[in-house]
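K.L.:
Sharing work.txt below, compact mmCIF, C-alpha atoms and all ligand atoms:
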# COMPACT_ATOMS: atom_id res chain seq x y z
CA MET A 10 55.34 121.14 138.19
CA VAL A 11 54.00 118.51 135.78
CA GLU A 12 52.14 116.71 138.57
CA PHE A 13 49.83 119.72 139.04
CA THR A 14 48.85 119.91 135.37
CA PRO A 15 45.69 117.73 135.75
CA PHE A 16 44.39 120.09 138.46
CA LEU A 17 44.51 123.15 136.19
CA THR A 18 41.25 122.24 134.47
CA GLU A 19 39.08 122.65 137.59
CA PRO A 20 39.13 126.00 139.43
CA ARG A 21 38.12 124.34 142.71
CA TYR A 22 41.70 123.01 143.04
CA GLY A 23 43.13 126.53 143.15
CA ALA A 24 46.01 125.64 140.78
CA TYR A 25 46.53 128.13 137.97
CA TRP A 26 49.02 129.48 135.48
CA ILE A 27 50.55 132.80 136.35
CA ASP A 28 53.13 135.21 134.94
CA HIS A 29 56.02 135.57 137.37
CA ILE A 30 58.68 138.31 137.40
CA GLN A 31 61.91 138.42 139.42
CA MET A 32 63.74 141.71 140.02
CA ARG A 33 66.77 143.27 141.68
CA PRO A 34 67.66 146.93 142.30
CA LEU A 35 68.91 149.00 139.37
CA ARG A 36 72.69 149.16 139.03
CA GLN A 37 73.80 152.77 139.33
CA ASP A 38 76.72 152.23 136.93
CA SER A 39 74.80 150.32 134.28
CA GLN A 40 74.52 151.89 130.79
CA SER A 41 71.59 149.70 129.74
CA PRO A 42 69.59 148.40 132.70
CA GLY A 43 67.44 146.19 130.46
CA GLU A 44 63.80 145.67 131.26
CA ILE A 45 62.43 147.63 134.23
CA PHE A 46 59.44 146.68 136.39
CA LEU A 47 58.33 148.57 139.51
CA GLY A 48 61.52 150.63 139.32
CA ARG A 49 63.66 147.47 139.51
CA ARG A 50 65.77 145.53 137.01
CA VAL A 51 64.00 142.41 135.69
CA THR A 52 66.35 139.43 136.16
CA ASP A 53 63.90 136.74 135.05
CA LYS A 54 60.29 136.28 133.95
CA PHE A 55 58.39 133.11 133.12
CA ARG A 56 55.04 131.32 133.29
CA THR A 57 54.56 129.04 136.26
CA ILE A 58 51.89 127.16 138.20
CA MET A 59 50.74 128.76 141.44
CA VAL A 60 48.89 126.66 144.01
CA ASP A 61 46.43 128.30 146.39
CA PRO A 62 46.78 126.04 149.45
CA ASN A 63 43.44 127.05 150.98
CA LEU A 64 41.54 125.76 147.93
CA TYR A 65 43.88 122.93 146.98
CA LEU A 66 43.96 121.21 150.37
CA ALA A 67 40.18 121.44 150.82
CA ALA A 68 39.56 120.01 147.33
CA LEU A 69 42.08 117.21 147.89
CA MET A 70 40.45 116.21 151.20
CA GLN A 71 37.03 116.22 149.50
CA ASP A 72 38.28 113.97 146.68
CA LEU A 73 39.84 111.53 149.12
CA LYS A 74 36.67 111.40 151.26
CA GLU A 75 34.64 110.58 148.15
CA MET A 76 37.12 107.75 147.44
CA GLY A 77 36.41 106.31 150.90
CA VAL A 78 39.61 107.46 152.63
CA LYS A 79 39.15 107.73 156.40
CA PHE A 80 40.63 110.71 158.30
CA TRP A 81 41.41 111.01 161.96
CA THR A 82 43.57 113.35 164.02
CA LYS A 83 46.22 112.08 166.40
CA LYS A 84 49.39 113.60 167.79
CA PHE A 85 52.32 111.16 167.87
CA THR A 86 54.71 111.82 170.69
CA ALA A 87 57.10 108.88 170.27
CA LEU A 88 58.31 106.66 167.48
CA GLY A 89 56.93 103.58 169.26
CA GLU A 90 53.39 104.86 168.64
CA LEU A 91 54.02 104.58 164.90
CA THR A 92 55.46 101.09 164.95
CA GLY A 93 52.40 99.98 166.93
CA LEU A 94 50.01 101.00 164.14
CA PRO A 95 48.28 98.15 162.25
CA HIS A 96 48.81 99.65 158.78
CA PRO A 97 51.14 97.85 156.33
CA ALA A 98 52.69 101.13 155.10
CA LEU A 99 53.22 104.55 156.67
CA VAL A 100 54.07 107.76 154.82
CA ASN A 101 56.08 110.22 156.89
CA CYS A 102 54.76 113.68 155.97
CA SER A 103 55.09 115.29 159.39
CA GLY A 104 57.05 118.27 158.08
CA LEU A 105 58.91 120.07 160.83
CA GLY A 106 57.44 117.59 163.35
CA ALA A 107 59.77 114.93 161.88
CA GLY A 108 62.63 116.58 163.74
CA LEU A 109 61.21 115.67 167.16
CA LEU A 110 59.49 112.47 166.16
CA PHE A 111 62.49 110.89 164.42
CA GLY A 112 65.28 112.72 166.24
CA ASP A 113 66.38 114.27 162.94
CA GLU A 114 68.74 117.07 163.92
CA ASN A 115 68.91 118.30 160.32
CA MET A 116 65.35 119.63 160.57
CA TYR A 117 65.05 123.29 161.45
CA PRO A 118 62.27 125.89 161.06
CA ILE A 119 62.34 128.70 158.52
CA ARG A 120 59.86 131.39 159.50
CA GLY A 121 57.82 133.13 156.80
CA GLN A 122 55.53 136.05 157.73
CA LEU A 123 52.87 137.12 155.24
CA THR A 124 50.56 140.12 155.05
CA LEU A 125 47.15 139.45 153.49
CA LEU A 126 45.26 142.12 151.56
CA LYS A 127 41.71 141.99 150.19
CA PRO A 128 41.45 139.98 146.95
CA GLN A 129 41.91 141.73 143.59
CA PRO A 130 40.76 139.29 140.86
CA GLU A 131 42.30 141.45 138.12
CA ILE A 132 45.84 140.76 139.42
CA ASP A 133 47.10 137.84 137.31
CA TYR A 134 50.86 138.01 137.92
CA SER A 135 53.27 137.58 140.80
CA PHE A 136 56.74 138.95 141.53
CA ILE A 137 59.68 138.74 143.86
CA SER A 138 62.05 141.65 144.42
CA ARG A 139 65.35 140.81 146.11
CA GLN A 140 66.58 144.05 147.58
CA PRO A 141 68.46 145.55 150.53
CA GLY A 142 66.32 145.51 153.66
CA GLY A 143 64.66 142.22 152.74
CA VAL A 144 62.81 140.40 150.02
CA LEU A 145 59.41 141.63 148.87
CA TYR A 146 57.06 139.33 146.99
CA MET A 147 53.43 139.36 145.93
CA PHE A 148 51.13 136.69 144.62
CA PRO A 149 47.37 136.61 144.18
CA ARG A 150 45.12 134.00 145.72
CA ARG A 151 41.37 133.72 145.19
CA GLY A 152 40.66 134.92 148.73
CA ASN A 153 43.40 137.53 149.11
CA ILE A 154 46.56 139.16 147.84
CA VAL A 155 49.59 137.71 149.60
CA LEU A 156 52.46 140.04 150.44
CA GLY A 157 55.76 138.74 151.74
CA GLY A 158 58.03 138.04 153.07
CA THR A 159 60.50 136.77 155.54
CA HIS A 160 62.80 133.75 155.39
CA GLN A 161 64.20 133.41 158.91
CA ARG A 162 66.25 130.27 159.42
CA GLY A 163 66.03 128.65 162.84
CA TYR A 164 63.26 131.01 163.96
CA ASP A 165 60.03 129.32 165.07
CA GLN A 166 57.93 132.14 166.57
CA LEU A 167 54.37 132.00 165.26
CA LEU A 168 53.27 135.48 166.34
CA SER A 169 53.14 138.22 163.71
CA GLU A 170 55.79 140.94 164.10
CA PRO A 171 54.27 144.43 163.62
CA ALA A 172 57.61 145.85 162.36
CA GLU A 173 57.62 143.28 159.55
CA VAL A 174 54.02 144.09 158.59
CA GLU A 175 55.08 147.74 158.41
CA ARG A 176 58.17 146.90 156.29
CA GLN A 177 56.09 144.86 153.85
CA LEU A 178 53.30 147.44 153.48
CA ARG A 179 55.75 150.33 153.08
CA GLY A 180 58.02 148.39 150.70
CA HIS A 181 55.18 147.21 148.50
CA GLY A 182 53.69 150.71 148.51
CA GLU A 183 56.99 152.10 147.22
CA LEU A 184 57.21 149.42 144.52
CA MET A 185 53.65 150.00 143.35
CA ALA A 186 54.23 153.76 143.08
CA SER A 187 56.45 152.84 140.09
CA LEU A 188 53.90 150.61 138.36
CA ARG A 189 53.89 151.43 134.61
CA GLY A 190 52.59 148.16 133.12
CA ILE A 191 53.38 144.47 133.35
CA PRO A 192 56.30 142.83 131.44
CA ARG A 193 55.21 140.70 128.50
CA MET A 194 55.90 136.97 128.79
CA ASP A 195 57.13 134.46 126.27
CA PRO A 196 54.33 131.83 126.61
CA SER A 197 56.85 129.04 125.91
CA ASP A 198 59.06 130.03 128.88
CA VAL A 199 57.60 127.79 131.58
CA GLN A 200 59.45 127.13 134.85
CA SER A 201 58.86 125.92 138.37
CA LEU A 202 58.65 128.79 140.85
CA TRP A 203 60.57 126.81 143.45
CA ALA A 204 63.44 125.82 141.15
CA PRO A 205 63.98 128.80 138.83
CA LYS A 206 66.82 128.68 136.32
CA LEU A 207 69.97 130.43 137.53
C1 LIG B 1 54.96 131.83 154.46
C2 LIG B 1 54.75 130.64 153.54
C3 LIG B 1 53.87 130.75 152.47
C4 LIG B 1 53.67 129.67 151.59
N1 LIG B 1 52.79 129.81 150.56
C5 LIG B 1 52.59 128.78 149.71
C6 LIG B 1 51.67 128.89 148.61
O1 LIG B 1 51.02 129.90 148.40
N2 LIG B 1 51.53 127.83 147.78
C7 LIG B 1 52.22 126.66 148.00
O2 LIG B 1 52.05 125.72 147.23
N3 LIG B 1 53.08 126.51 149.05
C8 LIG B 1 53.28 127.54 149.89
N4 LIG B 1 54.16 127.42 150.94
C9 LIG B 1 54.85 126.13 151.13
C10 LIG B 1 53.92 125.10 151.80
O3 LIG B 1 53.32 125.67 152.95
C11 LIG B 1 54.71 123.87 152.18
O4 LIG B 1 55.43 123.40 151.05
C12 LIG B 1 53.76 122.77 152.63
O5 LIG B 1 53.00 123.19 153.73
C13 LIG B 1 54.53 121.52 153.01
O6 LIG B 1 53.56 120.53 153.26
P1 LIG B 1 53.87 119.26 154.13
O7 LIG B 1 52.61 118.46 154.15
O8 LIG B 1 55.12 118.60 153.67
O9 LIG B 1 54.20 119.81 155.61
P2 LIG B 1 53.28 120.61 156.61
O10 LIG B 1 52.30 121.49 155.89
O11 LIG B 1 54.21 121.24 157.58
O12 LIG B 1 52.41 119.47 157.32
C14 LIG B 1 52.96 118.63 158.32
C15 LIG B 1 51.80 118.16 159.18
O13 LIG B 1 52.27 117.17 160.09
C16 LIG B 1 51.67 117.41 161.35
N5 LIG B 1 52.53 116.87 162.40
C17 LIG B 1 53.81 117.21 162.69
N6 LIG B 1 54.29 116.51 163.73
C18 LIG B 1 53.29 115.69 164.12
C19 LIG B 1 53.15 114.70 165.14
N7 LIG B 1 54.15 114.44 165.99
N8 LIG B 1 51.99 114.02 165.26
C20 LIG B 1 50.95 114.29 164.41
N9 LIG B 1 51.01 115.22 163.39
C21 LIG B 1 52.17 115.91 163.27
C22 LIG B 1 51.57 118.93 161.46
O14 LIG B 1 50.57 119.29 162.39
C23 LIG B 1 51.16 119.27 160.01
O15 LIG B 1 49.77 119.22 159.84
C24 LIG B 1 54.37 128.46 151.82
C25 LIG B 1 55.24 128.35 152.92
C26 LIG B 1 55.43 129.42 153.78
C27 LIG B 1 56.36 129.28 154.98
Kindly transcribe the structure held in the file into structure tokens.

P.N.:
Amino acid sequence: MVEFTPFLTEPRYGAYWIDHIQMRPLRQDSQSPGEIFLGRRVTDKFRTIMVDPNLYLAALMQDLKEMGVKFWTKKFTALGELTGLPHPALVNCSGLGAGLLFGDENMYPIRGQLTLLKPQPEIDYSFISRQPGGVLYMFPRRGNIVLGGTHQRGYDQLLSEPAEVERQLRGHGELMASLRGIPRMDPSDVQSLWAPKL
């Protein structure tokens, strides 16, 4: 998370602090459910850095162009094409493509389907609700509100599934019907969204 700190000062990078809340369903047998948000039991809440990839990637490319970095697009189909390059160093950042390119059988896709709503600048928090029927999460970007989501291991279909759009819209609608305010954060509780404390 620390490496994004310098980008927080300029909005064009799309990196910003956000309050994040994690929830699970209420326990029927529990005497004191603790803090409730959207009709769910709050299991964790902290400040974190959210990166809006649409803004961040465009700003990064712009910075690199201004530094004289040259860009070109090429699809590599075999490892030999890489070893034939004249450059003294290569950085492998081919993501899922590394599986085919390097014969890495440990690489597999995890499919995530999002539903994008119109932007709401007043939304300054995000949440994830782990619940029966599938996870529901929301985070705001400058250009839209992102609703999720799926996490389908080994599934590489790119087409949107209408049933999943329906599940997300219905699920988020049900959550929002219970909105009664946003949990207060301890400003000193800062964590990475991708490695939350257990
Ligand atoms: C649904 C979903 C939502 C997400 N939302 C966010 C978010 O809001 N904020 C955030 O920070 N992260 C988000 N992430 C995570 C983020 O998308 C990934 O962490 C990030 O894209 C990883 O970047 P990467 O450069 O390692 O790989 P990739 O983005 O996968 O880039 C790999 C690149 O290599 C290229 N490539 C592959 N094979 C070859 C080849 N043979 N020849 C030439 N080029 C090749 C591909 O075309 C691609 O451009 C999200 C992920 C998912 C699934």

K.L.:
Here is a test: counting only C-alpha atoms, which residue of A:Gln40, A:Gln140, A:Thr57, A:Thr86 is nearest to A:Val199?

P.N.:
A:Thr57

K.L.:
Atom O13 of ligand LIG 1 (chain B) to atom CA of A:Gly77: how many Å, to one decimal?

P.N.:
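Between atom O13 of ligand LIG 1 (chain B) and atom CA of A:Gly77 the gap is 21.3 Å.
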
K.L.:
Provide the atom CA of A:Pro97 to atom C13 of ligand LIG 1 (chain B) distance in Å, to one decimal place.

P.N.:
24.1 Å

K.L.:
Please provide the set of residues having any atom within 6 Å of stretch 116-129 of chain A, restricted to all atoms listed in the file, with same-chain residues fewer than 2 positions apart removed, written as a PyMOL selection string.

P.N.:
chain A and resi 108+113-114+131-132+152-165

K.L.:
For ligand LIG 1 (chain B), which residue among A:Pro141, A:Pro149, A:Gly180, A:Pro130 is the nearest when counting only C-alpha atoms and all ligand atoms?

P.N.:
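For ligand LIG 1 (chain B), the nearest of the candidates is A:Pro149.
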